[in-house]
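**Q** Data file work-v7.txt (compact mmCIF, N, CA and C atoms) is appended below.
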# COMPACT_ATOMS: atom_id res chain seq x y z
N MET A 20 -0.76 -21.46 25.99
CA MET A 20 -1.64 -21.76 24.88
C MET A 20 -1.12 -22.99 24.14
N THR A 21 -2.02 -23.86 23.80
CA THR A 21 -1.61 -25.05 23.07
C THR A 21 -1.51 -24.74 21.58
N ASN A 22 -0.89 -25.64 20.86
CA ASN A 22 -0.76 -25.47 19.40
C ASN A 22 -2.12 -25.41 18.73
N PHE A 23 -3.06 -26.21 19.21
CA PHE A 23 -4.40 -26.22 18.62
C PHE A 23 -5.10 -24.88 18.81
N GLN A 24 -4.95 -24.27 19.97
CA GLN A 24 -5.56 -22.97 20.21
C GLN A 24 -4.94 -21.88 19.34
N VAL A 25 -3.64 -21.96 19.13
CA VAL A 25 -2.97 -21.00 18.26
C VAL A 25 -3.46 -21.15 16.82
N LEU A 26 -3.60 -22.39 16.37
CA LEU A 26 -4.11 -22.63 15.02
C LEU A 26 -5.54 -22.15 14.88
N LEU A 27 -6.37 -22.33 15.91
CA LEU A 27 -7.74 -21.81 15.87
C LEU A 27 -7.75 -20.29 15.83
N LEU A 28 -6.86 -19.66 16.56
CA LEU A 28 -6.77 -18.21 16.55
C LEU A 28 -6.35 -17.69 15.18
N ILE A 29 -5.38 -18.34 14.58
CA ILE A 29 -4.94 -17.95 13.23
C ILE A 29 -6.06 -18.17 12.22
N ALA A 30 -6.75 -19.28 12.31
CA ALA A 30 -7.86 -19.57 11.39
C ALA A 30 -8.98 -18.54 11.56
N ALA A 31 -9.28 -18.16 12.79
CA ALA A 31 -10.33 -17.17 13.02
C ALA A 31 -9.93 -15.82 12.43
N PHE A 32 -8.67 -15.44 12.59
CA PHE A 32 -8.19 -14.18 12.02
C PHE A 32 -8.29 -14.21 10.49
N LEU A 33 -7.87 -15.30 9.88
CA LEU A 33 -7.94 -15.41 8.42
C LEU A 33 -9.39 -15.38 7.94
N MET A 34 -10.28 -16.07 8.63
CA MET A 34 -11.68 -16.07 8.22
C MET A 34 -12.28 -14.67 8.35
N LEU A 35 -11.93 -13.95 9.39
CA LEU A 35 -12.43 -12.59 9.57
C LEU A 35 -11.90 -11.67 8.48
N THR A 36 -10.61 -11.79 8.17
CA THR A 36 -10.00 -10.95 7.14
C THR A 36 -10.59 -11.24 5.76
N ILE A 37 -10.65 -12.51 5.40
CA ILE A 37 -11.18 -12.88 4.09
C ILE A 37 -12.67 -12.57 4.01
N GLY A 38 -13.39 -12.82 5.09
CA GLY A 38 -14.82 -12.53 5.10
C GLY A 38 -15.12 -11.05 4.94
N SER A 39 -14.34 -10.19 5.59
CA SER A 39 -14.57 -8.76 5.44
C SER A 39 -14.23 -8.29 4.03
N PHE A 40 -13.22 -8.89 3.41
CA PHE A 40 -12.88 -8.54 2.03
C PHE A 40 -14.00 -8.97 1.09
N VAL A 41 -14.53 -10.15 1.26
CA VAL A 41 -15.63 -10.64 0.41
C VAL A 41 -16.86 -9.76 0.61
N TRP A 42 -17.15 -9.37 1.85
CA TRP A 42 -18.29 -8.48 2.12
C TRP A 42 -18.10 -7.14 1.44
N TYR A 43 -16.89 -6.61 1.47
CA TYR A 43 -16.60 -5.33 0.83
C TYR A 43 -16.83 -5.42 -0.68
N ILE A 44 -16.35 -6.47 -1.31
CA ILE A 44 -16.52 -6.65 -2.76
C ILE A 44 -18.00 -6.87 -3.09
N ALA A 45 -18.69 -7.66 -2.28
CA ALA A 45 -20.09 -7.99 -2.57
C ALA A 45 -21.00 -6.76 -2.44
N THR A 46 -20.67 -5.84 -1.54
CA THR A 46 -21.53 -4.69 -1.32
C THR A 46 -21.03 -3.44 -2.02
N TRP A 47 -19.98 -3.55 -2.80
CA TRP A 47 -19.40 -2.39 -3.47
C TRP A 47 -20.27 -2.02 -4.66
N ASP A 48 -20.66 -0.78 -4.75
CA ASP A 48 -21.48 -0.29 -5.85
C ASP A 48 -20.68 0.77 -6.59
N SER A 49 -20.30 0.45 -7.81
CA SER A 49 -19.46 1.39 -8.57
C SER A 49 -20.23 2.64 -8.96
N ARG A 50 -21.55 2.57 -8.97
CA ARG A 50 -22.33 3.76 -9.32
C ARG A 50 -22.26 4.83 -8.24
N LYS A 51 -21.99 4.44 -7.01
CA LYS A 51 -21.86 5.41 -5.93
C LYS A 51 -20.54 6.17 -6.02
N ALA A 52 -19.56 5.54 -6.59
CA ALA A 52 -18.27 6.20 -6.74
C ALA A 52 -18.39 7.28 -7.81
N GLY A 53 -17.78 8.40 -7.56
CA GLY A 53 -17.87 9.50 -8.52
C GLY A 53 -17.10 9.20 -9.79
N THR A 54 -17.54 9.82 -10.87
CA THR A 54 -16.84 9.63 -12.13
C THR A 54 -15.72 10.65 -12.28
N ASP A 55 -15.57 11.53 -11.30
CA ASP A 55 -14.50 12.52 -11.36
C ASP A 55 -13.16 11.83 -11.12
N THR A 56 -12.23 12.16 -11.94
CA THR A 56 -10.88 11.63 -11.75
C THR A 56 -9.98 12.75 -11.29
N SER A 57 -9.06 12.42 -10.43
CA SER A 57 -8.13 13.40 -9.92
C SER A 57 -6.85 13.35 -10.75
N VAL A 58 -6.38 14.51 -11.13
CA VAL A 58 -5.15 14.59 -11.90
C VAL A 58 -4.14 15.38 -11.07
N ILE A 59 -2.99 14.80 -10.88
CA ILE A 59 -1.93 15.48 -10.14
C ILE A 59 -0.90 15.98 -11.15
N ILE A 60 -0.72 17.27 -11.18
CA ILE A 60 0.25 17.85 -12.09
C ILE A 60 1.47 18.25 -11.28
N LEU A 61 2.58 17.61 -11.56
CA LEU A 61 3.82 17.90 -10.84
C LEU A 61 4.65 18.90 -11.64
N PRO A 62 5.33 19.79 -10.95
CA PRO A 62 6.18 20.73 -11.68
C PRO A 62 7.36 20.00 -12.33
N ASN A 63 7.81 20.52 -13.44
CA ASN A 63 8.90 19.90 -14.16
C ASN A 63 10.23 20.41 -13.60
N LYS A 64 10.68 19.77 -12.53
CA LYS A 64 11.94 20.16 -11.90
C LYS A 64 12.98 19.10 -12.20
N ARG A 65 14.17 19.55 -12.48
CA ARG A 65 15.27 18.62 -12.74
C ARG A 65 16.16 18.54 -11.51
N ALA A 66 16.75 17.40 -11.32
CA ALA A 66 17.68 17.22 -10.22
C ALA A 66 18.95 18.01 -10.51
N PRO A 67 19.62 18.51 -9.47
CA PRO A 67 20.86 19.25 -9.72
C PRO A 67 21.94 18.33 -10.29
N GLU A 68 22.76 18.89 -11.14
CA GLU A 68 23.83 18.12 -11.76
C GLU A 68 24.93 17.83 -10.73
N ALA A 69 25.52 16.66 -10.83
CA ALA A 69 26.64 16.30 -9.97
C ALA A 69 27.88 17.00 -10.48
N PRO A 70 28.80 17.37 -9.59
CA PRO A 70 30.03 18.01 -10.06
C PRO A 70 30.83 17.05 -10.95
N ALA A 71 31.54 17.61 -11.93
CA ALA A 71 32.28 16.80 -12.88
C ALA A 71 33.45 16.08 -12.21
N PHE A 72 34.10 16.73 -11.24
CA PHE A 72 35.25 16.13 -10.59
C PHE A 72 35.12 16.37 -9.10
N GLN A 73 35.37 15.35 -8.33
CA GLN A 73 35.26 15.48 -6.89
C GLN A 73 36.49 14.85 -6.27
N GLU A 74 37.19 15.62 -5.43
CA GLU A 74 38.39 15.10 -4.79
C GLU A 74 37.99 14.23 -3.63
N ARG A 75 38.79 13.19 -3.43
CA ARG A 75 38.55 12.31 -2.30
C ARG A 75 39.27 12.85 -1.08
N ALA A 76 38.65 12.67 0.05
CA ALA A 76 39.28 13.10 1.29
C ALA A 76 40.26 12.02 1.75
N ALA A 77 41.44 12.45 2.17
CA ALA A 77 42.46 11.51 2.66
C ALA A 77 42.17 11.17 4.11
N LEU A 78 42.27 9.91 4.42
CA LEU A 78 42.01 9.49 5.80
C LEU A 78 43.26 9.52 6.62
Rewrite the structure from the file as structure tokens, please.

**A**
Amino acid sequence: MTNFQVLLLIAAFLMLTIGSFVWYIATWDSRKAGTDTSVIILPNKRAPEAPAFQERAAL
């Protein structure tokens, strides 16, 4: 593959990616999205305490 073909392939990929993003934004209808919001309630758990003193292992 020549450098020009690689650049054309990269340009085509970028145009497809950007074009699909623009299409998604242009056709997005916020009224179709539900007004329900999801709430995640996590339990109030604390991490275990580290020991106050820890001996080092001798090598």

**Q** For a test of reading the model, state the distance in Å between atom N of Phe32 in chain A and CA of Met20 in chain A, rounded to one decimal.

**A**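 So the answer is 15.5 Å.
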
**Q** Between CA of Leu28 in chain A and atom N of Val41 in chain A, what is the distance, to one decimal in Å?

**A**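 That distance, rounded to one decimal, is 18.9 Å.
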
**Q** Kindly give the distance, in Å, that separates atom N of Ile44 in chain A and atom N of Ala31 in chain A, rounded to a single decimal.

**A**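 For atom N of Ile44 in chain A relative to atom N of Ala31 in chain A, the distance reads 19.6 Å.
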